[in-house]
$ cat model_38.cif   # mmCIF, C-alpha atoms, pLDDT in the B column; chains and numbers go by the auth columns
data_my_file
loop_
_atom_site.group_PDB
_atom_site.id
_atom_site.type_symbol
_atom_site.label_atom_id
_atom_site.label_comp_id
_atom_site.label_asym_id
_atom_site.label_seq_id
_atom_site.Cartn_x
_atom_site.Cartn_y
_atom_site.Cartn_z
_atom_site.B_iso_or_equiv
_atom_site.auth_seq_id
_atom_site.auth_asym_id
ATOM 1 C CA MET A 1 129.555 106.358 73.174 40.00 407 A
ATOM 2 C CA ALA A 2 131.641 108.326 75.575 40.00 408 A
ATOM 3 C CA ASP A 3 129.620 111.427 74.819 42.00 409 A
ATOM 4 C CA GLU A 4 126.375 109.611 75.443 41.00 410 A
ATOM 5 C CA THR A 5 127.470 108.405 78.821 39.00 411 A
ATOM 6 C CA SER A 6 128.882 111.735 79.799 39.00 412 A
ATOM 7 C CA THR A 7 125.902 113.816 78.748 39.00 413 A
ATOM 8 C CA PRO A 8 123.312 112.135 80.978 39.00 414 A
ATOM 9 C CA SER A 9 125.700 112.263 83.891 38.00 415 A
ATOM 10 C CA ALA A 10 126.349 115.945 83.434 38.00 416 A
ATOM 11 C CA PRO A 11 122.726 117.067 83.979 39.00 417 A
ATOM 12 C CA SER A 12 122.318 114.632 86.827 38.00 418 A
ATOM 13 C CA THR A 13 125.274 116.104 88.648 37.00 419 A
ATOM 14 C CA SER A 14 124.207 119.642 87.889 38.00 420 A
ATOM 15 C CA ARG A 15 120.616 119.082 88.985 40.00 421 A
ATOM 16 C CA PRO A 16 121.337 118.715 92.685 39.00 422 A
ATOM 17 C CA GLU A 17 123.377 121.881 92.486 39.00 423 A
ATOM 18 C CA GLY A 18 120.532 123.699 90.798 37.00 424 A
ATOM 19 C CA SER A 19 118.014 122.543 93.362 38.00 425 A
ATOM 20 C CA ALA A 20 120.413 123.322 96.173 38.00 426 A
ATOM 21 C CA SER A 21 120.928 126.832 94.860 38.00 427 A
ATOM 22 C CA SER A 22 117.217 127.314 94.243 38.00 428 A
ATOM 23 C CA GLY A 23 116.512 126.358 97.837 37.00 429 A
ATOM 24 C CA PRO A 24 118.012 129.507 99.315 39.00 430 A
ATOM 25 C CA SER A 25 117.312 131.668 96.231 38.00 431 A
ATOM 26 C CA GLY A 26 113.781 130.322 95.729 36.00 432 A
ATOM 27 C CA PRO A 27 112.124 132.905 97.940 40.00 433 A
ATOM 28 C CA GLY A 28 114.355 135.555 96.297 38.00 434 A
ATOM 29 C CA GLY A 29 112.578 135.353 92.973 38.00 435 A
ATOM 30 C CA ARG A 30 113.697 132.709 90.463 41.00 436 A
ATOM 31 C CA PRO A 31 111.104 129.992 90.816 41.00 437 A
ATOM 32 C CA PRO A 32 111.011 128.363 87.344 42.00 438 A
ATOM 33 C CA ALA A 33 114.611 127.183 87.500 40.00 439 A
ATOM 34 C CA GLY A 34 114.471 124.844 90.450 40.00 440 A
ATOM 35 C CA ARG A 35 110.759 124.059 90.708 43.00 441 A
ATOM 36 C CA PRO A 36 110.452 120.964 88.527 44.00 442 A
ATOM 37 C CA SER A 37 113.435 119.125 89.937 43.00 443 A
ATOM 38 C CA GLY A 38 112.918 119.770 93.635 43.00 444 A
ATOM 39 C CA PRO A 39 109.459 119.146 95.125 47.00 445 A
ATOM 40 C CA GLY A 40 110.802 120.065 98.544 45.00 446 A
ATOM 41 C CA GLY A 41 112.375 123.249 97.248 47.00 447 A
ATOM 42 C CA GLY A 42 109.017 124.743 96.251 51.00 448 A
ATOM 43 C CA GLY A 43 107.832 125.473 99.745 54.00 449 A
ATOM 44 C CA ARG A 44 109.240 124.685 103.117 64.00 450 A
ATOM 45 C CA LYS A 45 105.845 124.052 104.651 72.00 451 A
ATOM 46 C CA PHE A 46 105.235 121.181 102.214 75.00 452 A
ATOM 47 C CA PHE A 47 108.364 119.328 103.224 77.00 453 A
ATOM 48 C CA ARG A 48 107.686 115.659 102.828 76.00 454 A
ATOM 49 C CA ARG A 49 109.696 112.884 104.425 79.00 455 A
ATOM 50 C CA LYS A 50 111.099 110.438 101.936 81.00 456 A
ATOM 51 C CA LYS A 51 108.969 107.316 101.936 82.00 457 A
ATOM 52 C CA VAL A 52 110.832 104.076 102.447 86.00 458 A
ATOM 53 C CA CYS A 53 109.838 100.513 101.853 87.00 459 A
ATOM 54 C CA LYS A 54 108.941 98.950 105.175 87.00 460 A
ATOM 55 C CA PHE A 55 109.997 95.505 103.996 88.00 461 A
ATOM 56 C CA CYS A 56 113.406 96.668 102.800 87.00 462 A
ATOM 57 C CA VAL A 57 114.109 98.694 105.927 88.00 463 A
ATOM 58 C CA GLU A 58 112.953 96.096 108.435 87.00 464 A
ATOM 59 C CA LYS A 59 114.384 93.266 106.315 85.00 465 A
ATOM 60 C CA ILE A 60 111.145 91.323 106.127 83.00 466 A
ATOM 61 C CA ASP A 61 111.911 88.739 103.445 83.00 467 A
ATOM 62 C CA ALA A 62 108.819 86.609 103.279 85.00 468 A
ATOM 63 C CA ILE A 63 105.452 88.301 103.052 88.00 469 A
ATOM 64 C CA HIS A 64 103.165 85.584 104.243 89.00 470 A
ATOM 65 C CA TYR A 65 99.409 85.515 103.880 90.00 471 A
ATOM 66 C CA ARG A 66 99.053 84.363 107.480 90.00 472 A
ATOM 67 C CA ASP A 67 100.372 87.426 109.322 89.00 473 A
ATOM 68 C CA VAL A 68 97.242 89.491 109.148 89.00 474 A
ATOM 69 C CA ARG A 69 98.716 92.191 111.351 91.00 475 A
ATOM 70 C CA LEU A 70 101.346 92.988 108.767 91.00 476 A
ATOM 71 C CA LEU A 71 99.004 92.844 105.809 91.00 477 A
ATOM 72 C CA GLN A 72 96.393 94.961 107.501 90.00 478 A
ATOM 73 C CA GLN A 73 98.760 97.932 107.452 91.00 479 A
ATOM 74 C CA PHE A 74 98.598 97.893 103.660 92.00 480 A
ATOM 75 C CA VAL A 75 94.872 97.512 103.326 92.00 481 A
ATOM 76 C CA ALA A 76 92.575 100.508 103.357 92.00 482 A
ATOM 77 C CA GLU A 77 89.536 100.734 105.576 89.00 483 A
ATOM 78 C CA ARG A 78 87.241 99.281 102.969 90.00 484 A
ATOM 79 C CA GLY A 79 89.614 96.431 102.233 90.00 485 A
ATOM 80 C CA LYS A 80 91.408 97.810 99.204 92.00 486 A
ATOM 81 C CA ILE A 81 95.129 97.311 98.693 93.00 487 A
ATOM 82 C CA VAL A 82 96.825 100.645 99.297 93.00 488 A
ATOM 83 C CA PRO A 83 98.836 101.780 96.251 93.00 489 A
ATOM 84 C CA ARG A 84 102.577 101.974 96.323 91.00 490 A
ATOM 85 C CA ARG A 85 102.651 105.711 95.858 90.00 491 A
ATOM 86 C CA LEU A 86 100.938 106.148 99.215 90.00 492 A
ATOM 87 C CA THR A 87 102.815 103.548 101.238 90.00 493 A
ATOM 88 C CA GLY A 88 106.248 103.818 99.661 90.00 494 A
ATOM 89 C CA VAL A 89 106.670 100.075 99.326 91.00 495 A
ATOM 90 C CA CYS A 90 109.116 99.081 96.578 91.00 496 A
ATOM 91 C CA THR A 91 107.908 97.329 93.433 92.00 497 A
ATOM 92 C CA THR A 92 109.182 93.882 94.355 90.00 498 A
ATOM 93 C CA HIS A 93 107.621 93.909 97.768 91.00 499 A
ATOM 94 C CA GLN A 94 104.365 95.409 96.574 93.00 500 A
ATOM 95 C CA ARG A 95 104.017 92.483 94.197 92.00 501 A
ATOM 96 C CA GLY A 96 104.522 89.977 96.999 91.00 502 A
ATOM 97 C CA LEU A 97 102.281 91.983 99.258 92.00 503 A
ATOM 98 C CA ALA A 98 99.451 92.038 96.745 93.00 504 A
ATOM 99 C CA ARG A 99 99.726 88.299 96.301 92.00 505 A
ATOM 100 C CA ALA A 100 99.696 87.710 100.064 93.00 506 A
ATOM 101 C CA ILE A 101 96.685 89.969 100.553 93.00 507 A
ATOM 102 C CA LYS A 102 94.782 88.162 97.832 93.00 508 A
ATOM 103 C CA GLN A 103 95.582 84.794 99.383 93.00 509 A
ATOM 104 C CA ALA A 104 94.523 86.078 102.786 93.00 510 A
ATOM 105 C CA ARG A 105 91.238 87.268 101.283 93.00 511 A
ATOM 106 C CA ASN A 106 90.664 83.855 99.824 92.00 512 A
ATOM 107 C CA ILE A 107 90.864 82.157 103.198 92.00 513 A
ATOM 108 C CA ALA A 108 88.735 84.812 104.918 92.00 514 A
ATOM 109 C CA LEU A 109 91.550 86.375 106.916 92.00 515 A
ATOM 110 C CA LEU A 110 91.039 89.684 105.161 92.00 516 A
ATOM 111 C CA PRO A 111 87.821 91.028 103.706 92.00 517 A
ATOM 112 C CA PHE A 112 87.256 91.491 99.983 92.00 518 A
ATOM 113 C CA ALA A 113 85.169 94.500 100.840 89.00 519 A
ATOM 114 C CA ALA A 114 84.631 95.603 104.404 82.00 520 A
ATOM 115 C CA ARG A 115 81.145 96.598 105.293 77.00 521 A
ATOM 116 C CA TYR A 116 80.657 99.923 106.941 72.00 522 A
ATOM 117 C CA MET B 1 108.433 65.251 92.667 82.00 449 B
ATOM 118 C CA GLN B 2 108.018 66.182 96.284 87.00 450 B
ATOM 119 C CA ARG B 3 107.363 69.778 97.085 91.00 451 B
ATOM 120 C CA THR B 4 106.444 71.691 100.187 92.00 452 B
ATOM 121 C CA TYR B 5 102.864 72.827 100.379 93.00 453 B
ATOM 122 C CA GLU B 6 100.900 74.616 102.961 92.00 454 B
ATOM 123 C CA ILE B 7 97.246 73.763 103.245 93.00 455 B
ATOM 124 C CA MET B 8 95.055 75.913 105.402 93.00 456 B
ATOM 125 C CA PHE B 9 91.421 75.081 105.845 93.00 457 B
ATOM 126 C CA ILE B 10 88.499 76.310 107.861 93.00 458 B
ATOM 127 C CA VAL B 11 86.215 73.884 109.641 92.00 459 B
ATOM 128 C CA ARG B 12 82.724 74.949 110.598 91.00 460 B
ATOM 129 C CA PRO B 13 82.566 76.326 114.143 90.00 461 B
ATOM 130 C CA ASP B 14 79.812 74.076 115.466 89.00 462 B
ATOM 131 C CA ILE B 15 81.907 70.927 115.087 87.00 463 B
ATOM 132 C CA LEU B 16 82.902 68.936 118.165 88.00 464 B
ATOM 133 C CA ASP B 17 86.549 68.649 119.142 87.00 465 B
ATOM 134 C CA GLU B 18 86.576 64.875 118.666 90.00 466 B
ATOM 135 C CA ASP B 19 85.106 65.198 115.200 91.00 467 B
ATOM 136 C CA LEU B 20 87.719 67.776 114.283 90.00 468 B
ATOM 137 C CA ASP B 21 90.489 65.477 115.483 91.00 469 B
ATOM 138 C CA LYS B 22 88.950 62.620 113.539 91.00 470 B
ATOM 139 C CA LEU B 23 88.785 64.739 110.403 91.00 471 B
ATOM 140 C CA ILE B 24 92.412 65.775 110.730 91.00 472 B
ATOM 141 C CA ALA B 25 93.501 62.201 111.457 92.00 473 B
ATOM 142 C CA GLY B 26 91.686 61.015 108.334 91.00 474 B
ATOM 143 C CA LEU B 27 93.409 63.674 106.272 90.00 475 B
ATOM 144 C CA GLU B 28 96.787 62.735 107.713 91.00 476 B
ATOM 145 C CA GLY B 29 96.097 59.123 106.764 91.00 477 B
ATOM 146 C CA ASN B 30 95.324 60.165 103.217 90.00 478 B
ATOM 147 C CA ILE B 31 98.530 62.138 102.946 90.00 479 B
ATOM 148 C CA THR B 32 100.799 59.403 104.287 91.00 480 B
ATOM 149 C CA GLN B 33 99.085 56.758 102.170 90.00 481 B
ATOM 150 C CA GLY B 34 99.496 58.881 99.062 88.00 482 B
ATOM 151 C CA GLY B 35 103.259 59.054 99.549 88.00 483 B
ATOM 152 C CA GLY B 36 103.430 62.434 101.225 88.00 484 B
ATOM 153 C CA SER B 37 104.712 63.386 104.638 90.00 485 B
ATOM 154 C CA ILE B 38 103.451 65.854 107.197 91.00 486 B
ATOM 155 C CA LYS B 39 105.893 68.484 108.323 91.00 487 B
ATOM 156 C CA SER B 40 103.712 70.222 110.833 90.00 488 B
ATOM 157 C CA LEU B 41 100.138 70.440 111.914 91.00 489 B
ATOM 158 C CA GLU B 42 98.821 73.460 113.696 90.00 490 B
ATOM 159 C CA LYS B 43 95.365 74.151 114.986 89.00 491 B
ATOM 160 C CA LEU B 44 95.044 77.892 114.952 89.00 492 B
ATOM 161 C CA GLY B 45 91.793 77.717 116.840 87.00 493 B
ATOM 162 C CA ARG B 46 88.612 79.625 116.441 90.00 494 B
ATOM 163 C CA ARG B 47 88.795 82.901 114.585 90.00 495 B
ATOM 164 C CA LYS B 48 86.353 85.407 113.288 91.00 496 B
ATOM 165 C CA LEU B 49 86.003 85.287 109.532 91.00 497 B
ATOM 166 C CA ALA B 50 86.482 88.459 107.537 91.00 498 B
ATOM 167 C CA TYR B 51 83.279 87.735 105.677 91.00 499 B
ATOM 168 C CA THR B 52 80.427 85.279 105.925 90.00 500 B
ATOM 169 C CA VAL B 53 81.141 81.842 104.493 90.00 501 B
ATOM 170 C CA LYS B 54 78.222 79.422 104.172 90.00 502 B
ATOM 171 C CA LYS B 55 76.330 81.481 106.745 90.00 503 B
ATOM 172 C CA PHE B 56 79.126 81.115 109.307 90.00 504 B
ATOM 173 C CA ASN B 57 80.826 84.116 110.795 91.00 505 B
ATOM 174 C CA ASP B 58 83.649 82.271 112.515 90.00 506 B
ATOM 175 C CA GLY B 59 85.555 79.099 111.969 91.00 507 B
ATOM 176 C CA ASN B 60 88.247 76.748 113.202 92.00 508 B
ATOM 177 C CA TYR B 61 91.449 77.319 111.298 93.00 509 B
ATOM 178 C CA VAL B 62 93.820 74.421 110.731 92.00 510 B
ATOM 179 C CA LEU B 63 97.214 74.780 109.095 93.00 511 B
ATOM 180 C CA LEU B 64 98.941 71.794 107.565 92.00 512 B
ATOM 181 C CA THR B 65 102.453 71.868 106.119 93.00 513 B
ATOM 182 C CA ILE B 66 103.239 68.845 104.001 92.00 514 B
ATOM 183 C CA ASN B 67 105.728 67.406 101.547 92.00 515 B
ATOM 184 C CA ALA B 68 103.798 65.941 98.680 91.00 516 B
ATOM 185 C CA ASP B 69 103.430 65.474 94.940 90.00 517 B
ATOM 186 C CA GLY B 70 101.258 67.811 92.930 88.00 518 B
ATOM 187 C CA SER B 71 98.829 64.996 92.194 91.00 519 B
ATOM 188 C CA LEU B 72 98.479 64.220 95.896 92.00 520 B
ATOM 189 C CA VAL B 73 97.703 67.854 96.622 91.00 521 B
ATOM 190 C CA GLY B 74 95.003 67.696 93.978 91.00 522 B
ATOM 191 C CA GLU B 75 93.565 64.650 95.668 91.00 523 B
ATOM 192 C CA ILE B 76 93.604 66.353 99.090 91.00 524 B
ATOM 193 C CA GLU B 77 91.905 69.383 97.623 92.00 525 B
ATOM 194 C CA ARG B 78 89.212 67.146 96.185 93.00 526 B
ATOM 195 C CA ARG B 79 88.697 65.530 99.573 91.00 527 B
ATOM 196 C CA LEU B 80 88.493 68.883 101.311 92.00 528 B
ATOM 197 C CA ARG B 81 85.954 70.028 98.766 92.00 529 B
ATOM 198 C CA VAL B 82 83.677 67.065 99.363 92.00 530 B
ATOM 199 C CA SER B 83 84.081 66.884 103.143 90.00 531 B
ATOM 200 C CA GLU B 84 81.087 68.623 104.573 89.00 532 B
ATOM 201 C CA PRO B 85 82.547 70.293 107.709 91.00 533 B
ATOM 202 C CA VAL B 86 85.316 72.054 105.756 92.00 534 B
ATOM 203 C CA ILE B 87 83.916 75.362 104.595 92.00 535 B
ATOM 204 C CA LYS B 88 87.009 76.858 102.951 92.00 536 B
ATOM 205 C CA PHE B 89 90.554 75.884 102.135 93.00 537 B
ATOM 206 C CA ILE B 90 93.658 77.175 100.409 93.00 538 B
ATOM 207 C CA SER B 91 96.793 75.347 99.343 92.00 539 B
ATOM 208 C CA VAL B 92 99.962 77.268 98.676 92.00 540 B
ATOM 209 C CA ARG B 93 103.235 75.984 97.327 91.00 541 B
ATOM 210 C CA MET B 94 106.022 77.078 99.635 89.00 542 B
ATOM 211 C CA ASP B 95 109.306 75.606 98.381 88.00 543 B
ATOM 212 C CA GLU B 96 110.140 78.305 95.834 88.00 544 B
ATOM 213 C CA GLU B 97 109.504 81.012 98.363 88.00 545 B
ATOM 214 C CA GLU B 98 111.580 79.230 101.005 88.00 546 B
ATOM 215 C CA LYS B 99 114.412 78.849 98.531 90.00 547 B
ATOM 216 C CA ARG B 100 114.268 82.525 97.710 90.00 548 B
ATOM 217 C CA VAL B 101 114.299 83.546 101.356 89.00 549 B
ATOM 218 C CA ALA B 102 117.197 81.189 102.102 90.00 550 B
ATOM 219 C CA LYS B 103 119.140 82.727 99.234 91.00 551 B
ATOM 220 C CA ILE B 104 118.566 86.234 100.541 89.00 552 B
ATOM 221 C CA LYS B 105 119.602 85.136 104.007 89.00 553 B
ATOM 222 C CA ALA B 106 122.789 83.588 102.649 91.00 554 B
ATOM 223 C CA ILE B 107 123.669 86.724 100.713 90.00 555 B
ATOM 224 C CA ARG B 108 123.047 88.826 103.773 87.00 556 B
ATOM 225 C CA ALA B 109 125.245 86.562 105.890 88.00 557 B
ATOM 226 C CA THR B 110 128.164 86.870 103.465 88.00 558 B
ATOM 227 C CA ARG B 111 127.794 90.640 103.375 83.00 559 B
ATOM 228 C CA LYS B 112 127.904 90.790 107.145 76.00 560 B
ATOM 229 C CA LYS B 113 131.043 88.689 107.160 70.00 561 B
ATOM 230 C CA LEU B 114 132.816 91.070 104.803 65.00 562 B
ATOM 231 C CA SER B 115 131.920 94.080 106.874 62.00 563 B
ATOM 232 C CA ALA B 116 132.941 92.312 110.067 62.00 564 B
ATOM 233 C CA GLN B 117 136.364 91.244 108.811 62.00 565 B
ATOM 234 C CA PRO B 118 138.216 94.572 108.927 60.00 566 B
ATOM 235 C CA ALA B 119 136.552 95.534 112.186 56.00 567 B
ATOM 236 C CA ALA B 120 137.280 92.378 114.122 53.00 568 B
ATOM 237 C CA ALA B 121 139.835 89.934 112.733 52.00 569 B
ATOM 238 C CA VAL B 122 140.017 88.253 116.134 51.00 570 B
ATOM 239 C CA ALA B 123 136.335 87.405 116.049 50.00 571 B
ATOM 240 C CA ALA B 124 136.793 84.901 113.232 51.00 572 B
ATOM 241 C CA PRO B 125 134.668 82.197 114.907 53.00 573 B
ATOM 242 C CA ALA B 126 131.816 84.642 115.318 52.00 574 B
ATOM 243 C CA PRO B 127 130.759 84.654 111.642 51.00 575 B
ATOM 244 C CA VAL B 128 130.965 80.851 111.586 50.00 576 B
ATOM 245 C CA GLU B 129 128.528 80.759 114.455 51.00 577 B
ATOM 246 C CA ALA B 130 126.371 83.364 112.828 51.00 578 B
ATOM 247 C CA ALA B 131 126.139 81.457 109.549 51.00 579 B
ATOM 248 C CA PRO B 132 124.162 78.449 110.864 52.00 580 B
ATOM 249 C CA ALA B 133 122.041 80.650 113.059 50.00 581 B
ATOM 250 C CA PRO B 134 119.885 82.180 110.277 50.00 582 B
ATOM 251 C CA SER B 135 118.687 78.783 109.030 50.00 583 B
ATOM 252 C CA PRO B 136 116.676 77.934 112.179 50.00 584 B
ATOM 253 C CA ALA B 137 115.410 81.479 112.096 48.00 585 B
ATOM 254 C CA ALA B 138 114.279 80.933 108.522 48.00 586 B
ATOM 255 C CA GLU B 139 112.443 77.805 109.565 50.00 587 B
ATOM 256 C CA ALA B 140 110.861 79.645 112.427 49.00 588 B
ATOM 257 C CA ALA B 141 109.753 82.427 110.120 49.00 589 B
ATOM 258 C CA SER B 142 108.302 80.026 107.593 48.00 590 B
ATOM 259 C CA ALA B 143 106.655 77.760 110.153 43.00 591 B
#

$ encode --input "model_38.cif" --output "structure tokens"
Amino acid sequence: MADETSTPSAPSTSRPEGSASSGPSGPGGRPPAGRPSGPGGGGRKFFRRKKVCKFCVEKIDAIHYRDVRLLQQFVAERGKIVPRRLTGVCTTHQRGLARAIKQARNIALLPFAARY
Amino acid sequence: MQRTYEIMFIVRPDILDEDLDKLIAGLEGNITQGGGSIKSLEKLGRRKLAYTVKKFNDGNYVLLTINADGSLVGEIERRLRVSEPVIKFISVRMDEEEKRVAKIKAIRATRKKLSAQPAAAVAAPAPVEAAPAPSPAAEAASA
């Protein structure tokens, strides 16, 4: 039991070190070591800001179908719900958000499919 | 069992103001007679619809927050369905969501208190004042 708990922790602690070391040494010439763990370490020009959940950060508890302004930020141009991987919304809030958007569509506050 | 529901409905745009008031008054009568109570009534006014409903491109939105039984809500829905000027409606149960939000607010308040204690022991009355404050805010957010 103790071994099991210690073994997963050991790679997890060593991984940041590996990615940190690969950051400076990456251009030097050992790419395969740090590549998979660090997406930012691959190339500086592709540095991506960490996405955060808007609802967690701004402490919006209730996602209500009536505030169209809020919901509209998570709806694509054609009226589709934007996936979590693009917006960075956490699972819990995405669930509530999807429900709110669907309710808003039902009462004609948001379109099912926007015409172009 | 009484629960909080929110009923939003759209009335056709070519209706007269008096007729709209009459319609709402009739609905209120139905709710109170059926053993429910009205928490708030809000006319959101004329709004453009996101898509065409019964050949209308805009409508008068009315929001009704009520305390009622499930059976009464069913009855109101039936009435909305048969009433000709109402072109669309939605009823949403709110009490679970309100409970959840209140719980989160309470947890957040206790966390704040803990963090405030070592910083300012003198400001003991401040958390007491802060504790009731979120509840009106919660009502405002839900209303």

$ resolve_selection --input "model_38.cif" --expression "the PyMOL selection byres ((chain A) within 9 of (chain B))" --output "list in words"
Asp467, Ala468, His470, Gln509, Arg511, Asn512, Ile513, Ala514, Leu515, Leu516, Pro517, Phe518, Ala519 and Ala520 of chain A

$ write_last_selection --input "model_38.cif" --atoms "C-alpha atoms" --output "mmCIF file, keeping the file's coordinate frame"
data_model
loop_
_atom_site.group_PDB
_atom_site.id
_atom_site.type_symbol
_atom_site.label_atom_id
_atom_site.label_comp_id
_atom_site.auth_asym_id
_atom_site.auth_seq_id
_atom_site.Cartn_x
_atom_site.Cartn_y
_atom_site.Cartn_z
ATOM 1 C CA ASP A 467 111.911 88.739 103.445
ATOM 2 C CA ALA A 468 108.819 86.609 103.279
ATOM 3 C CA HIS A 470 103.165 85.584 104.243
ATOM 4 C CA GLN A 509 95.582 84.794 99.383
ATOM 5 C CA ARG A 511 91.238 87.268 101.283
ATOM 6 C CA ASN A 512 90.664 83.855 99.824
ATOM 7 C CA ILE A 513 90.864 82.157 103.198
ATOM 8 C CA ALA A 514 88.735 84.812 104.918
ATOM 9 C CA LEU A 515 91.550 86.375 106.916
ATOM 10 C CA LEU A 516 91.039 89.684 105.161
ATOM 11 C CA PRO A 517 87.821 91.028 103.706
ATOM 12 C CA PHE A 518 87.256 91.491 99.983
ATOM 13 C CA ALA A 519 85.169 94.500 100.840
ATOM 14 C CA ALA A 520 84.631 95.603 104.404
#

$ axis_aligned_box --input "model_38.cif" --around "segment 501-517 of chain B" --padding-each-side "5 Å" --output "JSON"
{"center_x": 91.0, "center_y": 74.8, "center_z": 104.1, "size_x": 39.4, "size_y": 28.6, "size_z": 28.3}

$ residues_around --input "model_38.cif" --residues "segment 464-470 of chain B" --least-positions-apart "4" --cutoff "12 Å" --atoms "only C-alpha atoms" --output "JSON, numbers by chain"
{"B": [457, 458, 459, 460, 474, 475, 476, 477, 489, 490, 491, 493, 494, 507, 508, 509, 510, 531, 532, 533, 534]}

$ residues_around --input "model_38.cif" --residues "Leu492 of chain A" --least-positions-apart "6" --cutoff "12 Å" --atoms "only C-alpha atoms" --output "JSON, numbers by chain"
{"A": [456, 457, 458, 459, 479, 480, 481, 482, 500]}

$ resolve_selection --input "model_38.cif" --expression "the PyMOL selection byres ((chain B and resi 453) around 7)" --output "short mmCIF file (atom, residue, chain, number, x, y, z; two decimals) with C-alpha atoms, in the frame of the given file"
data_model
loop_
_atom_site.label_atom_id
_atom_site.label_comp_id
_atom_site.auth_asym_id
_atom_site.auth_seq_id
_atom_site.Cartn_x
_atom_site.Cartn_y
_atom_site.Cartn_z
CA ARG B 451 107.36 69.78 97.08
CA THR B 452 106.44 71.69 100.19
CA GLU B 454 100.90 74.62 102.96
CA ILE B 455 97.25 73.76 103.24
CA THR B 513 102.45 71.87 106.12
CA ILE B 514 103.24 68.84 104.00
CA ASN B 515 105.73 67.41 101.55
CA SER B 539 96.79 75.35 99.34
CA VAL B 540 99.96 77.27 98.68
CA ARG B 541 103.24 75.98 97.33
CA MET B 542 106.02 77.08 99.64
#

$ resolve_selection --input "model_38.cif" --expression "the PyMOL selection byres ((chain B and resi 485) around 8)" --output "list in words"
Ile479, Thr480, Gly483, Gly484, Ile486, Lys487, Ile514, Asn515 and Ala516 of chain B

$ atom_distance --input "model_38.cif" --atom1 "atom CA of Arg526 of chain B" --atom2 "atom CA of Met449 of chain B"
19.6 Å

$ atom_distance --input "model_38.cif" --atom1 "atom CA of Arg454 of chain A" --atom2 "atom CA of Thr497 of chain A"
20.6 Å

$ closest_residue --input "model_38.cif" --among "A:Ala510, A:Lys451, A:Lys460, A:Arg491" --to "Gln478 of chain A" --atoms "all atoms listed in the file"
A:Ala510

$ build_atoms --input "model_38.cif" --residues "segment 507-522 of chain B" --atoms "N, CA and C atoms" --output "PDB file, in the coordinates of the input"
ATOM      1  N   GLY B 507      85.180  80.453 112.359  1.00 91.00           N
ATOM      2  CA  GLY B 507      85.555  79.099 111.969  1.00 91.00           C
ATOM      3  C   GLY B 507      86.818  78.641 112.662  1.00 91.00           C
ATOM      4  N   ASN B 508      87.026  77.321 112.649  1.00 92.00           N
ATOM      5  CA  ASN B 508      88.247  76.748 113.202  1.00 92.00           C
ATOM      6  C   ASN B 508      89.292  76.661 112.098  1.00 92.00           C
ATOM      7  N   TYR B 509      90.390  77.341 112.295  1.00 93.00           N
ATOM      8  CA  TYR B 509      91.449  77.319 111.298  1.00 93.00           C
ATOM      9  C   TYR B 509      92.427  76.196 111.609  1.00 93.00           C
ATOM     10  N   VAL B 510      92.799  75.466 110.589  1.00 92.00           N
ATOM     11  CA  VAL B 510      93.820  74.421 110.731  1.00 92.00           C
ATOM     12  C   VAL B 510      94.857  74.647 109.633  1.00 92.00           C
ATOM     13  N   LEU B 511      96.116  74.583 110.044  1.00 93.00           N
ATOM     14  CA  LEU B 511      97.214  74.780 109.095  1.00 93.00           C
ATOM     15  C   LEU B 511      98.023  73.502 109.016  1.00 93.00           C
ATOM     16  N   LEU B 512      98.264  73.065 107.788  1.00 92.00           N
ATOM     17  CA  LEU B 512      98.941  71.794 107.565  1.00 92.00           C
ATOM     18  C   LEU B 512     100.095  72.061 106.608  1.00 92.00           C
ATOM     19  N   THR B 513     101.311  71.745 107.017  1.00 93.00           N
ATOM     20  CA  THR B 513     102.453  71.868 106.119  1.00 93.00           C
ATOM     21  C   THR B 513     102.901  70.465 105.727  1.00 93.00           C
ATOM     22  N   ILE B 514     102.943  70.213 104.443  1.00 92.00           N
ATOM     23  CA  ILE B 514     103.239  68.845 104.001  1.00 92.00           C
ATOM     24  C   ILE B 514     104.285  68.838 102.884  1.00 92.00           C
ATOM     25  N   ASN B 515     104.903  67.678 102.725  1.00 92.00           N
ATOM     26  CA  ASN B 515     105.728  67.406 101.547  1.00 92.00           C
ATOM     27  C   ASN B 515     104.931  66.433 100.693  1.00 92.00           C
ATOM     28  N   ALA B 516     104.639  66.809  99.481  1.00 91.00           N
ATOM     29  CA  ALA B 516     103.798  65.941  98.680  1.00 91.00           C
ATOM     30  C   ALA B 516     103.990  66.218  97.193  1.00 91.00           C
ATOM     31  N   ASP B 517     103.473  65.286  96.383  1.00 90.00           N
ATOM     32  CA  ASP B 517     103.430  65.474  94.940  1.00 90.00           C
ATOM     33  C   ASP B 517     102.273  66.400  94.588  1.00 90.00           C
ATOM     34  N   GLY B 518     102.349  66.961  93.393  1.00 88.00           N
ATOM     35  CA  GLY B 518     101.258  67.811  92.930  1.00 88.00           C
ATOM     36  C   GLY B 518      99.949  67.055  92.826  1.00 88.00           C
ATOM     37  N   SER B 519     100.044  65.787  92.375  1.00 91.00           N
ATOM     38  CA  SER B 519      98.829  64.996  92.194  1.00 91.00           C
ATOM     39  C   SER B 519      98.168  64.702  93.540  1.00 91.00           C
ATOM     40  N   LEU B 520      99.024  64.487  94.568  1.00 92.00           N
ATOM     41  CA  LEU B 520      98.479  64.220  95.896  1.00 92.00           C
ATOM     42  C   LEU B 520      97.763  65.456  96.445  1.00 92.00           C
ATOM     43  N   VAL B 521      98.348  66.621  96.163  1.00 91.00           N
ATOM     44  CA  VAL B 521      97.703  67.854  96.622  1.00 91.00           C
ATOM     45  C   VAL B 521      96.337  68.010  95.958  1.00 91.00           C
ATOM     46  N   GLY B 522      96.282  67.649  94.679  1.00 91.00           N
ATOM     47  CA  GLY B 522      95.003  67.696  93.978  1.00 91.00           C
ATOM     48  C   GLY B 522      93.979  66.789  94.628  1.00 91.00           C
TER      49      GLY B 522
END
